[in-house]
Structure formats: C-alpha cells, structure tokens
Amino acid sequence: MATLKDATAIAGIGQTAFARRLPESEKTLACRAILAALDDAGIAPSEVDGFASYTMEETDEVEVAKAIGAGDVTFFSKVGYGGGGSCATLGHLAAAVATGQASVGVAWRSRKRGSGPRPWKNTAVQLPTPAQWTRPYGLLRPADEIGMLARRYMHAYGATRDHLFNVALACRNRANQNPDAIMYDRPLTREMYMTSRWISEPLCLFDNCLETDGALACVIVSAERARDCRQKPVYLHSVAQGLPAQHHGMVNYWNDDPLTGPAWTAARQLWKQADFGPDDVHVAQIYDAFTPLVPLSLEGYGFCGRGEGGAFTEGGALETGGRLPLNTGGGGLSEAYVHGFNLITEGVKQLRGTSTAQVPDAATCLVTAGEGVPTSAVLLRN
C-alpha cells in the first residue's frame, strides 16, 4: 500500500511574537510568519506553489500568495474544525508534494484571538443543528462542553484536579524556560491553581488555554529536497485524521462512549502507517486547549490504558526527564494559543535540537490536534 511515510519533510518554520494584543493585522502576521519560515528553509517565496490552512483562517491563500510574491499556485486546501485541523494541514501538503501537485508547500495559522472577538459571541451562527441541543441549556463555550467531558471522566475513572494540575504545571514549567512564551516569567504553584476562579466547573482558570495574537508557519518539501535545504530536515513519518462514527462536537453525546473521542480514530490510522509505536515516542506535543484533553489523548494515542490518563501524569511523568516530556514550549496553556500550530513548530525544534527545553537525543515526536473535535495527528522523526 502506498503511504506518505517519510516522503516529505518540514524544511522551515517561522513565527511572529506572541502577545495578548499585537498591532498588526492577521494578514500581516501571516505573511511575516511565512516569510520567516521560507527564510529558515532557504527557499525563495517565488517557489511556493502550495498552500494549506484552516477553514477558520481569516487570511486566504489568494491574498497571502500575492503579498509574499509566490509564483503560480497549483495546490491549495483548507481543513475544518479549528484546532482539530492543525496537523491535517501538513498531511494535505505532504500528499500534494508526494504526488507532484506541488513542490513547495506552506501551512500557516494567523490569529488575533487575544485582541479579537470570541467566536461564540456571533449570535447569527450560534445554532447549527447540533448546537440546538446544547446551547439553549447553557453549553455556550468550548470550556462548558469540555467541562462536561471532564466531569464524566472524573466520575468514571477517579481522575482528580491534581491530575489536571500536573498537566497545567508541566506546560507552565516549560514556558518558564521559553523566552517567547507569554507565561515565560510567571511560575505556577499548586496553591495558585487550586484557589483560582472557576471558568466552567470543574475547569478553573489554569485549565484553560491562553488568548493570543500571533502567527506561525512551516514549509514542506520532498524528503530529497529537504536534505539540501538550510536546516536539518524533520520528516513526516505518518499523518492521520480522525472523525468517529456518530460524532457530535466536543460533547460526543451520541457515541457509544463519550470518552472515546476522535483521538482514538486518528491513532489507529496513525500507528497503522508507522514503523514505531507509542513506547518509541521521545517527546510529545499534545493539544492542550484544556487540561482534560491531555489525559484523554494519552489514552487515545496508546500511551496508557482506558481510564489511566490521570494517573499517567503523576510523579513528574510529563516533565523533562519524565516518561513522556510534554508540550516543551509551553503549549496552548502557557506559550500561546494559535489553534495548536505552535505544537508543530515546537516538535520541529525538538528534533532539530534547538528547543528551549530540549529533550536529549530526541528523534521522534508526536504532535496532536484538538481532541473532542474531528482531529488530526502527525509523527515526526529526524
């Protein structure tokens, strides 16, 4: 069976500053991140002929292509479901490059979530069919929906707030090592966590991701070309998307088991195409819009058994030197929340050996997109 295994590589990455409020437009931020990624790879903008982004991206490929000075574009796509689409943008470009539809692909995400409006405030689009069964009853925000899943998980398997704190702390500790992180100079303690205000019980302030302005991008080329680029290539070993049967937004009401989310579907496809398994992953960048998504993802991607995700976080398992060093740039909880794209670039940094919280001899990395929504994941190797 033909696969995309190691056929393409990330040759360049770029990002803007992260902040609660940046003066530039989303288009300007997008172009700066893309140009930085191309410069990182040593590739001229005129060589770009492929684009992939999110359906929620406000800056489209037509405007970006003109602004950066791209040539003729022969492939472009958009992936749905917000944070669930991050790794899938890489998969789309990998498929295009591997099949000759494009030669230099760019994926990006530009957001002004810190200074911009909240998506759920747009009442004109508040009630698509699934939401008619949730929003009139108080599940207005993603935090409310994930709060429901978290309560179910805690009830079913005995997970505790201390387990969620372990996730928040690991991300904050890594952000405290990363000068680019919004929370670089702001340590987190258990007392701070336990006494913080509720956002949607059982989720407190520190269980929720940041709200950030910023942009990131990466450049994908063939594995052969990547070996001649400016940076050490990071290969896309396996890429997968996942949409379970009878899926229903973040709450999974109609699934046989609401706690068996899209990660489980994506993981089966991801590992089926890979030459290694969960025990061979040296470092992970797991989507952390909310802390409960991490134990759910640890189970879905096979790092532990059903109901064991909370316990997996104990004993510093997610810290540098632990069983599975996690979100080593700080993640969405403590570096920046740009729909998970910073998890991709941090994975690349780890495999280049340039992370601010470098895992020694890291050669494999799992990056995941948002659990709870139709999702995607990628295995990277050097």
# chains A, B, ... in the order shown; residues from 1 in each chain; ligands from 1

$ residues_around --residues "Pro233 in chain A" --least-positions-apart "4" --cutoff "10 Å" --atoms "only C-alpha atoms" --output "list of chain:residue names"
A:Thr8, A:Ala9, A:Ile10, A:Ala11, A:Gly12, A:Ala41, A:Ile220, A:Val221, A:Ser222, A:Ala223, A:Glu224, A:Arg225, A:Ala226, A:Arg227, A:Asp228, A:Cys229, A:Val348, A:Leu351, A:Arg352, A:Arg381, A:Asn382

$ write_last_selection --atoms "C-alpha atoms" --output "PDB file, in the first residue's frame"
ATOM      1  CA  THR A   8       8.239  14.739   2.727  1.00  0.00           C
ATOM      2  CA  ALA A   9       9.847  16.883   5.394  1.00  0.00           C
ATOM      3  CA  ILE A  10       9.431  20.190   7.187  1.00  0.00           C
ATOM      4  CA  ALA A  11      12.263  22.332   5.881  1.00  0.00           C
ATOM      5  CA  GLY A  12      11.460  25.636   7.554  1.00  0.00           C
ATOM      6  CA  ALA A  41      14.475  26.888   4.822  1.00  0.00           C
ATOM      7  CA  ILE A 220       7.046  21.297   3.405  1.00  0.00           C
ATOM      8  CA  VAL A 221       9.089  19.892   0.529  1.00  0.00           C
ATOM      9  CA  SER A 222      10.094  16.447  -0.661  1.00  0.00           C
ATOM     10  CA  ALA A 223      12.452  14.474   1.550  1.00  0.00           C
ATOM     11  CA  GLU A 224      15.065  14.599  -1.201  1.00  0.00           C
ATOM     12  CA  ARG A 225      14.939  18.365  -1.495  1.00  0.00           C
ATOM     13  CA  ALA A 226      14.853  18.864   2.272  1.00  0.00           C
ATOM     14  CA  ARG A 227      18.296  17.295   2.595  1.00  0.00           C
ATOM     15  CA  ASP A 228      19.694  20.206   0.553  1.00  0.00           C
ATOM     16  CA  CYS A 229      17.865  22.965   2.436  1.00  0.00           C
ATOM     17  CA  VAL A 348      10.393  20.580  14.795  1.00  0.00           C
ATOM     18  CA  LEU A 351      14.039  17.181  16.503  1.00  0.00           C
ATOM     19  CA  ARG A 352      16.470  19.856  15.347  1.00  0.00           C
ATOM     20  CA  ARG A 381      11.243  11.972  13.048  1.00  0.00           C
ATOM     21  CA  ASN A 382      14.703  13.252  12.267  1.00  0.00           C
TER      22      ASN A 382
END

$ select_by_dssp --residues "range 78-176 of chain A" --states "alpha helix (DSSP H)" --output "PyMOL selection string"
chain A and resi 86-98+142-157+161-175

$ closest_atom_pairs --of "range 147-238 of chain A" --to "range 248-272 of chain A" --cutoff "12 Å" --atoms "only C-alpha atoms" --output "tab-separated table"
residue	atom	partner	partner_atom	distance
A:Gly147	CA	A:Val251	CA	9.3
A:Met148	CA	A:Val251	CA	7.2
A:Leu149	CA	A:Val251	CA	6.4
A:Ala150	CA	A:Leu259	CA	9.1
A:Arg151	CA	A:Leu259	CA	10.8
A:Arg152	CA	A:Leu259	CA	8.0
A:Tyr153	CA	A:Leu259	CA	7.0
A:Met154	CA	A:Leu259	CA	10.8
A:His155	CA	A:Leu259	CA	11.6
A:Ala156	CA	A:Leu259	CA	9.6
A:Tyr157	CA	A:Leu259	CA	10.6
A:Leu236	CA	A:Leu270	CA	11.3
A:His237	CA	A:Leu270	CA	9.3
A:Ser238	CA	A:Leu270	CA	5.9

$ closest_atom_pairs --of "range 309-337 of chain A" --to "range 19-26 of chain A" --cutoff "12 Å" --atoms "only C-alpha atoms" --output "JSON lines"
{"residue": "A:Ser334", "atom": "CA", "partner": "A:Ala19", "partner_atom": "CA", "distance": 11.6}
{"residue": "A:Glu335", "atom": "CA", "partner": "A:Ala19", "partner_atom": "CA", "distance": 9.7}
{"residue": "A:Ala336", "atom": "CA", "partner": "A:Ala19", "partner_atom": "CA", "distance": 7.9}
{"residue": "A:Tyr337", "atom": "CA", "partner": "A:Ala19", "partner_atom": "CA", "distance": 10.0}

$ closest_atom_pairs --of "range 104-192 of chain A" --to "range 75-99 of chain A" --cutoff "9 Å" --atoms "only C-alpha atoms" --output "JSON lines"
{"residue": "A:Val104", "atom": "CA", "partner": "A:Val97", "partner_atom": "CA", "distance": 7.2}
{"residue": "A:Gly105", "atom": "CA", "partner": "A:Leu93", "partner_atom": "CA", "distance": 5.8}
{"residue": "A:Val106", "atom": "CA", "partner": "A:Leu93", "partner_atom": "CA", "distance": 7.6}
{"residue": "A:Ala107", "atom": "CA", "partner": "A:Thr89", "partner_atom": "CA", "distance": 6.1}
{"residue": "A:Trp108", "atom": "CA", "partner": "A:Thr89", "partner_atom": "CA", "distance": 8.3}
{"residue": "A:Arg109", "atom": "CA", "partner": "A:Ser86", "partner_atom": "CA", "distance": 8.4}

$ select_by_dssp --residues "range 121-205 of chain A" --states "strand (DSSP E or B)" --output "count of residues only"
5

$ atom_distance --atom1 "CA of Arg174 in chain A" --atom2 "CA of Thr328 in chain A"
5.3 Å

$ atom_distance --atom1 "CA of Tyr137 in chain A" --atom2 "CA of His247 in chain A"
19.7 Å

$ residues_around --residues "Pro45 in chain A" --least-positions-apart "4" --cutoff "12 Å" --atoms "only C-alpha atoms" --output "number ranges by chain"
A: 31-32, 34-41, 49-50, 64-73, 104-106, 219

$ write_last_selection --atoms "N, CA, C and O atoms" --output "compact mmCIF listing (two decimals), in the first residue's frame"
# COMPACT_ATOMS: atom_id res chain seq x y z
N CYS A 31 1.86 36.75 6.81
CA CYS A 31 2.94 36.91 5.82
C CYS A 31 4.31 36.95 6.50
O CYS A 31 5.28 36.38 5.97
N ARG A 32 4.39 37.57 7.65
CA ARG A 32 5.68 37.61 8.37
C ARG A 32 6.11 36.22 8.81
O ARG A 32 7.28 35.85 8.68
N ILE A 34 5.19 33.34 7.42
CA ILE A 34 5.51 32.56 6.22
C ILE A 34 6.87 32.94 5.66
O ILE A 34 7.68 32.07 5.30
N LEU A 35 7.14 34.22 5.57
CA LEU A 35 8.44 34.66 5.05
C LEU A 35 9.58 34.21 5.97
O LEU A 35 10.66 33.84 5.50
N ALA A 36 9.32 34.22 7.27
CA ALA A 36 10.34 33.74 8.21
C ALA A 36 10.60 32.24 8.01
O ALA A 36 11.75 31.78 8.07
N ALA A 37 9.54 31.47 7.76
CA ALA A 37 9.69 30.03 7.54
C ALA A 37 10.44 29.75 6.25
O ALA A 37 11.30 28.86 6.19
N LEU A 38 10.15 30.52 5.21
CA LEU A 38 10.85 30.34 3.93
C LEU A 38 12.33 30.72 4.08
O LEU A 38 13.21 30.04 3.55
N ASP A 39 12.61 31.79 4.81
CA ASP A 39 13.99 32.17 5.04
C ASP A 39 14.72 31.10 5.85
O ASP A 39 15.89 30.79 5.59
N ASP A 40 14.02 30.53 6.82
CA ASP A 40 14.59 29.46 7.63
C ASP A 40 15.00 28.27 6.75
O ASP A 40 16.03 27.63 6.97
N ALA A 41 14.19 28.00 5.73
CA ALA A 41 14.47 26.89 4.82
C ALA A 41 15.46 27.25 3.72
O ALA A 41 16.03 26.37 3.08
N ASP A 49 4.29 26.96 -4.33
CA ASP A 49 3.19 26.64 -5.23
C ASP A 49 2.09 25.82 -4.55
O ASP A 49 1.19 25.29 -5.21
N GLY A 50 2.14 25.73 -3.22
CA GLY A 50 1.10 25.02 -2.48
C GLY A 50 0.81 25.69 -1.16
O GLY A 50 1.72 26.19 -0.49
N VAL A 64 -2.45 35.98 0.54
CA VAL A 64 -1.12 35.62 1.01
C VAL A 64 -0.16 35.43 -0.15
O VAL A 64 0.98 35.92 -0.14
N ALA A 65 -0.61 34.72 -1.18
CA ALA A 65 0.25 34.47 -2.34
C ALA A 65 0.72 35.77 -2.98
O ALA A 65 1.90 35.92 -3.35
N LYS A 66 -0.19 36.71 -3.13
CA LYS A 66 0.18 37.99 -3.72
C LYS A 66 1.16 38.75 -2.83
O LYS A 66 2.15 39.32 -3.30
N ALA A 67 0.86 38.75 -1.53
CA ALA A 67 1.65 39.56 -0.61
C ALA A 67 3.08 39.05 -0.46
O ALA A 67 4.01 39.85 -0.32
N ILE A 68 3.28 37.73 -0.48
CA ILE A 68 4.64 37.21 -0.29
C ILE A 68 5.41 37.10 -1.60
O ILE A 68 6.61 36.86 -1.61
N GLY A 69 4.69 37.23 -2.73
CA GLY A 69 5.35 37.12 -4.02
C GLY A 69 5.49 35.69 -4.51
O GLY A 69 6.49 35.34 -5.16
N ALA A 70 4.49 34.85 -4.22
CA ALA A 70 4.51 33.47 -4.71
C ALA A 70 4.34 33.44 -6.23
O ALA A 70 3.84 34.40 -6.84
N GLY A 71 4.75 32.34 -6.83
CA GLY A 71 4.53 32.14 -8.26
C GLY A 71 3.16 31.54 -8.51
O GLY A 71 2.22 31.75 -7.73
N ASP A 72 3.02 30.79 -9.61
CA ASP A 72 1.77 30.10 -9.87
C ASP A 72 1.52 29.05 -8.79
O ASP A 72 2.42 28.27 -8.45
N VAL A 73 0.32 29.02 -8.26
CA VAL A 73 -0.04 28.08 -7.20
C VAL A 73 -0.85 26.94 -7.81
O VAL A 73 -1.84 27.17 -8.50
N VAL A 104 6.69 23.10 -3.28
CA VAL A 104 6.98 23.82 -2.03
C VAL A 104 5.65 24.24 -1.41
O VAL A 104 4.94 25.09 -1.95
N GLY A 105 5.30 23.59 -0.31
CA GLY A 105 4.03 23.88 0.35
C GLY A 105 4.22 24.67 1.63
O GLY A 105 5.19 24.48 2.35
N VAL A 106 3.27 25.55 1.89
CA VAL A 106 3.28 26.37 3.10
C VAL A 106 1.97 26.16 3.85
O VAL A 106 0.89 26.27 3.27
N VAL A 219 7.18 25.11 6.21
CA VAL A 219 7.40 24.83 4.79
C VAL A 219 7.64 23.34 4.62
O VAL A 219 8.48 22.75 5.31

$ residues_around --residues "Glu308 in chain A" --least-positions-apart "3" --cutoff "12 Å" --atoms "only C-alpha atoms" --output "list in words"
Tyr153, Met154, Ala156, Tyr157, Gly158, Ala159, Thr160, His163, Val294, Pro295, Leu296, Ser297, Leu298, Glu299, Gly300, Gly302, Phe303, Cys304, Gly305, Ala311, Phe312, Thr313 and Glu314 of chain A

$ write_last_selection --atoms "C-alpha atoms" --output "PDB file, in the first residue's frame"
ATOM      1  CA  TYR A 153     -14.085  11.398  33.102  1.00  0.00           C
ATOM      2  CA  MET A 154     -13.519  12.238  36.751  1.00  0.00           C
ATOM      3  CA  ALA A 156     -15.936   7.292  35.672  1.00  0.00           C
ATOM      4  CA  TYR A 157     -12.229   6.859  36.388  1.00  0.00           C
ATOM      5  CA  GLY A 158     -11.430   8.766  39.554  1.00  0.00           C
ATOM      6  CA  ALA A 159      -9.305  11.444  37.912  1.00  0.00           C
ATOM      7  CA  THR A 160      -8.750  14.435  40.166  1.00  0.00           C
ATOM      8  CA  HIS A 163      -4.096  15.285  37.734  1.00  0.00           C
ATOM      9  CA  VAL A 294      -4.251  15.644  27.650  1.00  0.00           C
ATOM     10  CA  PRO A 295      -5.221  12.546  29.699  1.00  0.00           C
ATOM     11  CA  LEU A 296      -7.915  11.753  27.135  1.00  0.00           C
ATOM     12  CA  SER A 297      -5.301  11.986  24.371  1.00  0.00           C
ATOM     13  CA  LEU A 298      -2.737   9.950  26.309  1.00  0.00           C
ATOM     14  CA  GLU A 299      -5.281   7.138  26.325  1.00  0.00           C
ATOM     15  CA  GLY A 300      -6.427   7.629  22.747  1.00  0.00           C
ATOM     16  CA  GLY A 302      -1.966   4.460  23.328  1.00  0.00           C
ATOM     17  CA  PHE A 303       0.411   5.750  25.993  1.00  0.00           C
ATOM     18  CA  CYS A 304      -1.726   4.157  28.701  1.00  0.00           C
ATOM     19  CA  GLY A 305      -4.935   2.166  29.110  1.00  0.00           C
ATOM     20  CA  ALA A 311      -2.622   8.531  36.843  1.00  0.00           C
ATOM     21  CA  PHE A 312      -0.145   8.713  33.952  1.00  0.00           C
ATOM     22  CA  THR A 313       0.516  12.368  34.842  1.00  0.00           C
ATOM     23  CA  GLU A 314       1.767  11.534  38.341  1.00  0.00           C
TER      24      GLU A 314
END
